[in-house]
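**Student:** One structure follows; several queries about it will come next.
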Amino acid sequence: MSKTKNSIKLTKRSVDAAASKSRRYTIWDDELKGFGLRIQTTGVKSFILRYRPGGGRKAPIRQIVLGRYGVLTVQEARKLAQQNLGQVVEGSDPAQRRHSLRQQMTIAELCDLYFAEGTATKKPLHLKLMKDE
């Protein structure tokens, strides 16, 4: 893999040394393709993974945030990136899976639906007790 200007081996030392700038920027790992560290202008550092599901240049570029530095170590983030890239090779799309999970109904939405449509046979006192809790 050819090394780019912002390509280094991501280690604890290199991540700690990365300082914030006037613009957000990314440092890419030179060992694991698509694995990088995004540094915000505020100094927040997050591990990211960029990949193409399905492979090839015509496939869309997807990017997922693996987690923040501090919550994840460099080794944990690298392992997570490898697992996600393994899923991509098997034909899965981790970003699409996360998106579909976010689109599912929440507990609050389920409760609202129940009160709107599932309480026709309930007694008024029972409904009052349920809403007060």
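Identifiers in this document derive from the order of the structure tokens: chains are assigned A, B, ..., residues are numbered from 1 separately in each chain, and ligands are numbered from 1 in order of occurrence.
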May I have all residues of stretch 4-133 of chain A that DSSP, computed from the backbone, assigns to strand (DSSP E or B), given as a JSON list (two decimals) with N, CA and C atoms, in the first residue's frame?
**Tutor:**
[["chain", "number", "residue", "atom", "x", "y", "z"],
["A", 7, "SER", "N", -0.40, 9.32, 6.50],
["A", 7, "SER", "CA", -0.42, 7.89, 6.76],
["A", 7, "SER", "C", 0.77, 7.52, 7.64],
["A", 8, "ILE", "N", 0.45, 7.04, 8.85],
["A", 8, "ILE", "CA", 1.48, 6.58, 9.79],
["A", 8, "ILE", "C", 0.95, 5.34, 10.50],
["A", 25, "TYR", "N", -9.19, 16.98, 10.60],
["A", 25, "TYR", "CA", -8.35, 16.21, 9.69],
["A", 25, "TYR", "C", -8.29, 14.75, 10.14],
["A", 26, "THR", "N", -7.80, 13.90, 9.25],
["A", 26, "THR", "CA", -7.73, 12.46, 9.51],
["A", 26, "THR", "C", -6.31, 11.98, 9.28],
["A", 27, "ILE", "N", -5.86, 11.13, 10.20],
["A", 27, "ILE", "CA", -4.58, 10.44, 10.04],
["A", 27, "ILE", "C", -4.92, 8.98, 9.75],
["A", 28, "TRP", "N", -4.41, 8.46, 8.66],
["A", 28, "TRP", "CA", -4.71, 7.09, 8.26],
["A", 28, "TRP", "C", -3.60, 6.15, 8.72],
["A", 29, "ASP", "N", -4.00, 4.95, 9.08],
["A", 29, "ASP", "CA", -3.06, 3.92, 9.50],
["A", 29, "ASP", "C", -2.39, 3.34, 8.26],
["A", 35, "PHE", "N", -8.53, 2.31, 8.05],
["A", 35, "PHE", "CA", -8.57, 2.59, 9.48],
["A", 35, "PHE", "C", -7.86, 3.92, 9.73],
["A", 36, "GLY", "N", -8.52, 4.80, 10.47],
["A", 36, "GLY", "CA", -7.92, 6.10, 10.71],
["A", 36, "GLY", "C", -8.35, 6.74, 12.01],
["A", 37, "LEU", "N", -7.74, 7.86, 12.28],
["A", 37, "LEU", "CA", -8.03, 8.66, 13.46],
["A", 37, "LEU", "C", -8.47, 10.04, 12.98],
["A", 38, "ARG", "N", -9.68, 10.44, 13.35],
["A", 38, "ARG", "CA", -10.19, 11.76, 12.99],
["A", 38, "ARG", "C", -10.02, 12.69, 14.18],
["A", 39, "ILE", "N", -9.40, 13.84, 13.96],
["A", 39, "ILE", "CA", -9.17, 14.82, 15.01],
["A", 39, "ILE", "C", -10.01, 16.06, 14.70],
["A", 45, "LYS", "N", -10.78, 13.09, 19.53],
["A", 45, "LYS", "CA", -10.17, 12.12, 18.62],
["A", 45, "LYS", "C", -11.06, 10.89, 18.55],
["A", 46, "SER", "N", -11.43, 10.50, 17.33],
["A", 46, "SER", "CA", -12.29, 9.34, 17.12],
["A", 46, "SER", "C", -11.67, 8.43, 16.07],
["A", 47, "PHE", "N", -11.81, 7.13, 16.30],
["A", 47, "PHE", "CA", -11.34, 6.14, 15.34],
["A", 47, "PHE", "C", -12.44, 5.93, 14.30],
["A", 48, "ILE", "N", -12.05, 5.89, 13.03],
["A", 48, "ILE", "CA", -13.02, 5.70, 11.96],
["A", 48, "ILE", "C", -12.58, 4.55, 11.06],
["A", 49, "LEU", "N", -13.52, 4.06, 10.29],
["A", 49, "LEU", "CA", -13.24, 3.04, 9.29],
["A", 49, "LEU", "C", -13.94, 3.44, 8.02],
["A", 50, "ARG", "N", -13.20, 3.51, 6.92],
["A", 50, "ARG", "CA", -13.77, 3.84, 5.62],
["A", 50, "ARG", "C", -13.58, 2.62, 4.71],
["A", 51, "TYR", "N", -14.63, 2.26, 4.00],
["A", 51, "TYR", "CA", -14.59, 1.06, 3.16],
["A", 51, "TYR", "C", -15.58, 1.19, 2.02],
["A", 62, "ARG", "N", -18.30, 4.16, 2.26],
["A", 62, "ARG", "CA", -19.01, 4.21, 3.54],
["A", 62, "ARG", "C", -17.98, 4.51, 4.63],
["A", 63, "GLN", "N", -18.45, 5.14, 5.67],
["A", 63, "GLN", "CA", -17.58, 5.44, 6.80],
["A", 63, "GLN", "C", -18.36, 5.26, 8.09],
["A", 64, "ILE", "N", -17.74, 4.59, 9.06],
["A", 64, "ILE", "CA", -18.36, 4.43, 10.37],
["A", 64, "ILE", "C", -17.37, 4.90, 11.43],
["A", 65, "VAL", "N", -17.92, 5.43, 12.50],
["A", 65, "VAL", "CA", -17.12, 5.83, 13.65],
["A", 65, "VAL", "C", -17.07, 4.62, 14.59],
["A", 66, "LEU", "N", -15.87, 4.16, 14.88],
["A", 66, "LEU", "CA", -15.70, 3.01, 15.76],
["A", 66, "LEU", "C", -15.82, 3.39, 17.22],
["A", 67, "GLY", "N", -15.38, 4.60, 17.56],
["A", 67, "GLY", "CA", -15.45, 5.07, 18.94],
["A", 67, "GLY", "C", -14.41, 6.13, 19.20],
["A", 68, "ARG", "N", -14.54, 6.75, 20.34],
["A", 68, "ARG", "CA", -13.60, 7.80, 20.73],
["A", 68, "ARG", "C", -12.34, 7.22, 21.34],
["A", 69, "TYR", "N", -11.26, 7.95, 21.11],
["A", 69, "TYR", "CA", -10.01, 7.60, 21.76],
["A", 69, "TYR", "C", -10.15, 7.93, 23.25],
["A", 72, "LEU", "N", -11.86, 3.80, 23.71],
["A", 72, "LEU", "CA", -11.20, 2.68, 23.03],
["A", 72, "LEU", "C", -9.70, 2.94, 22.99]]
**Student:** From a backbone DSSP assignment, name each residue in stretch 6-130 of chain A labelled helix (DSSP H, G or I), as a ChimeraX atom specification.
**Tutor:** /A:12-17,74-89,94-102,107-117,124-130
**Student:** Take the residues from that selection and put them in a file with N, CA and C atoms, as a CSV table (one decimal), in the first residue's frame.
**Tutor:**
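Everything below was put into part_34.csv:
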chain,number,residue,atom,x,y,z
A,12,LYS,N,-0.4,4.4,20.4
A,12,LYS,CA,-0.8,5.2,21.5
A,12,LYS,C,0.0,6.5,21.5
A,13,ARG,N,1.3,6.4,21.2
A,13,ARG,CA,2.2,7.6,21.1
A,13,ARG,C,1.8,8.5,20.0
A,14,SER,N,1.5,8.0,18.8
A,14,SER,CA,1.2,8.8,17.7
A,14,SER,C,-0.2,9.5,17.8
A,15,VAL,N,-1.1,8.7,18.5
A,15,VAL,CA,-2.4,9.3,18.7
A,15,VAL,C,-2.4,10.4,19.8
A,16,ASP,N,-1.6,10.2,20.8
A,16,ASP,CA,-1.4,11.2,21.8
A,16,ASP,C,-0.8,12.5,21.3
A,17,ALA,N,0.1,12.3,20.3
A,17,ALA,CA,0.9,13.4,19.7
A,17,ALA,C,0.0,14.2,18.7
A,74,VAL,N,-6.0,2.1,21.0
A,74,VAL,CA,-5.7,1.9,19.6
A,74,VAL,C,-5.8,0.4,19.2
A,75,GLN,N,-5.4,-0.5,20.1
A,75,GLN,CA,-5.5,-1.9,19.8
A,75,GLN,C,-7.0,-2.4,19.7
A,76,GLU,N,-7.8,-1.9,20.6
A,76,GLU,CA,-9.2,-2.3,20.6
A,76,GLU,C,-9.9,-1.7,19.3
A,77,ALA,N,-9.6,-0.5,18.9
A,77,ALA,CA,-10.1,0.1,17.7
A,77,ALA,C,-9.7,-0.6,16.5
A,78,ARG,N,-8.4,-1.0,16.4
A,78,ARG,CA,-7.9,-1.8,15.3
A,78,ARG,C,-8.6,-3.1,15.2
A,79,LYS,N,-8.8,-3.8,16.3
A,79,LYS,CA,-9.5,-5.1,16.3
A,79,LYS,C,-10.9,-4.9,15.8
A,80,LEU,N,-11.6,-3.8,16.3
A,80,LEU,CA,-13.0,-3.6,15.8
A,80,LEU,C,-13.0,-3.3,14.3
A,81,ALA,N,-12.0,-2.5,13.8
A,81,ALA,CA,-11.9,-2.3,12.4
A,81,ALA,C,-11.7,-3.5,11.6
A,82,GLN,N,-10.8,-4.4,12.1
A,82,GLN,CA,-10.6,-5.7,11.4
A,82,GLN,C,-11.9,-6.5,11.3
A,83,GLN,N,-12.6,-6.6,12.4
A,83,GLN,CA,-13.9,-7.3,12.5
A,83,GLN,C,-14.9,-6.7,11.5
A,84,ASN,N,-15.0,-5.4,11.4
A,84,ASN,CA,-15.9,-4.8,10.5
A,84,ASN,C,-15.5,-5.0,9.0
A,85,LEU,N,-14.2,-5.0,8.8
A,85,LEU,CA,-13.7,-5.3,7.4
A,85,LEU,C,-13.9,-6.7,7.0
A,86,GLY,N,-13.9,-7.6,8.0
A,86,GLY,CA,-14.2,-9.0,7.8
A,86,GLY,C,-15.7,-9.2,7.4
A,87,GLN,N,-16.5,-8.4,8.0
A,87,GLN,CA,-18.0,-8.5,7.7
A,87,GLN,C,-18.2,-7.9,6.2
A,88,VAL,N,-17.4,-6.9,5.9
A,88,VAL,CA,-17.5,-6.4,4.5
A,88,VAL,C,-17.1,-7.4,3.5
A,89,VAL,N,-16.0,-8.1,3.8
A,89,VAL,CA,-15.6,-9.2,2.9
A,89,VAL,C,-16.6,-10.3,2.7
A,94,PRO,N,-21.6,-2.9,7.5
A,94,PRO,CA,-21.8,-2.4,8.9
A,94,PRO,C,-22.6,-1.1,9.0
A,95,ALA,N,-22.3,-0.2,8.1
A,95,ALA,CA,-22.9,1.2,8.2
A,95,ALA,C,-24.4,1.0,7.9
A,96,GLN,N,-24.8,0.2,6.9
A,96,GLN,CA,-26.2,0.0,6.6
A,96,GLN,C,-26.9,-0.7,7.8
A,97,ARG,N,-26.2,-1.7,8.4
A,97,ARG,CA,-26.8,-2.4,9.5
A,97,ARG,C,-27.1,-1.4,10.7
A,98,ARG,N,-26.1,-0.5,11.0
A,98,ARG,CA,-26.3,0.5,12.0
A,98,ARG,C,-27.5,1.4,11.7
A,99,HIS,N,-27.6,1.8,10.4
A,99,HIS,CA,-28.7,2.7,10.0
A,99,HIS,C,-30.0,2.0,10.2
A,100,SER,N,-30.1,0.7,9.8
A,100,SER,CA,-31.4,0.0,10.0
A,100,SER,C,-31.8,-0.1,11.4
A,101,LEU,N,-30.8,-0.3,12.3
A,101,LEU,CA,-31.1,-0.5,13.7
A,101,LEU,C,-31.6,0.9,14.3
A,102,ARG,N,-31.1,2.0,13.8
A,102,ARG,CA,-31.6,3.3,14.3
A,102,ARG,C,-33.0,3.6,13.8
A,107,ILE,N,-38.9,2.5,22.4
A,107,ILE,CA,-39.9,2.2,23.4
A,107,ILE,C,-40.9,3.3,23.6
A,108,ALA,N,-40.5,4.5,23.5
A,108,ALA,CA,-41.5,5.6,23.6
A,108,ALA,C,-42.5,5.6,22.5
A,109,GLU,N,-42.0,5.3,21.2
A,109,GLU,CA,-42.9,5.2,20.1
A,109,GLU,C,-43.8,4.0,20.3
A,110,LEU,N,-43.4,2.9,20.8
A,110,LEU,CA,-44.2,1.8,21.0
A,110,LEU,C,-45.3,2.1,22.0
A,111,CYS,N,-44.9,2.8,23.1
A,111,CYS,CA,-45.9,3.2,24.1
A,111,CYS,C,-47.0,4.1,23.5
A,112,ASP,N,-46.5,5.1,22.7
A,112,ASP,CA,-47.5,6.0,22.1
A,112,ASP,C,-48.4,5.2,21.2
A,113,LEU,N,-47.9,4.2,20.4
A,113,LEU,CA,-48.7,3.4,19.6
A,113,LEU,C,-49.7,2.6,20.4
A,114,TYR,N,-49.3,2.0,21.5
A,114,TYR,CA,-50.2,1.2,22.3
A,114,TYR,C,-51.3,2.1,22.9
A,115,PHE,N,-51.0,3.3,23.4
A,115,PHE,CA,-52.1,4.1,23.9
A,115,PHE,C,-53.0,4.6,22.8
A,116,ALA,N,-52.5,4.8,21.6
A,116,ALA,CA,-53.3,5.2,20.5
A,116,ALA,C,-54.2,4.1,19.9
A,117,GLU,N,-53.7,2.9,19.9
A,117,GLU,CA,-54.4,1.9,19.2
A,117,GLU,C,-54.7,0.6,20.0
A,124,PRO,N,-61.4,2.8,31.7
A,124,PRO,CA,-60.8,4.2,31.9
A,124,PRO,C,-59.9,4.3,33.2
A,125,LEU,N,-60.3,3.6,34.3
A,125,LEU,CA,-59.5,3.7,35.5
A,125,LEU,C,-58.1,3.0,35.3
A,126,HIS,N,-58.1,1.9,34.5
A,126,HIS,CA,-56.9,1.2,34.2
A,126,HIS,C,-55.9,2.1,33.4
A,127,LEU,N,-56.5,2.8,32.4
A,127,LEU,CA,-55.7,3.7,31.6
A,127,LEU,C,-55.1,4.8,32.4
A,128,LYS,N,-55.9,5.3,33.3
A,128,LYS,CA,-55.5,6.4,34.1
A,128,LYS,C,-54.3,6.0,35.0
A,129,LEU,N,-54.4,4.8,35.5
A,129,LEU,CA,-53.3,4.3,36.4
A,129,LEU,C,-52.0,4.1,35.5
A,130,MET,N,-52.2,3.6,34.3
A,130,MET,CA,-51.0,3.3,33.4
A,130,MET,C,-50.3,4.6,33.0
**Student:** Determine, counting only C-alpha atoms, which protein, DNA and RNA residues have an atom within 10 Å of an atom of A:Thr42; residues of the same chain fewer than 2 positions away are not included. Present the result as a list in words.
**Tutor:**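 The neighbour list is Ala19, Ser20, Lys21, Ser22, Arg23, Arg24, Ile39, Gln40, Val44 and Lys45 of chain A.
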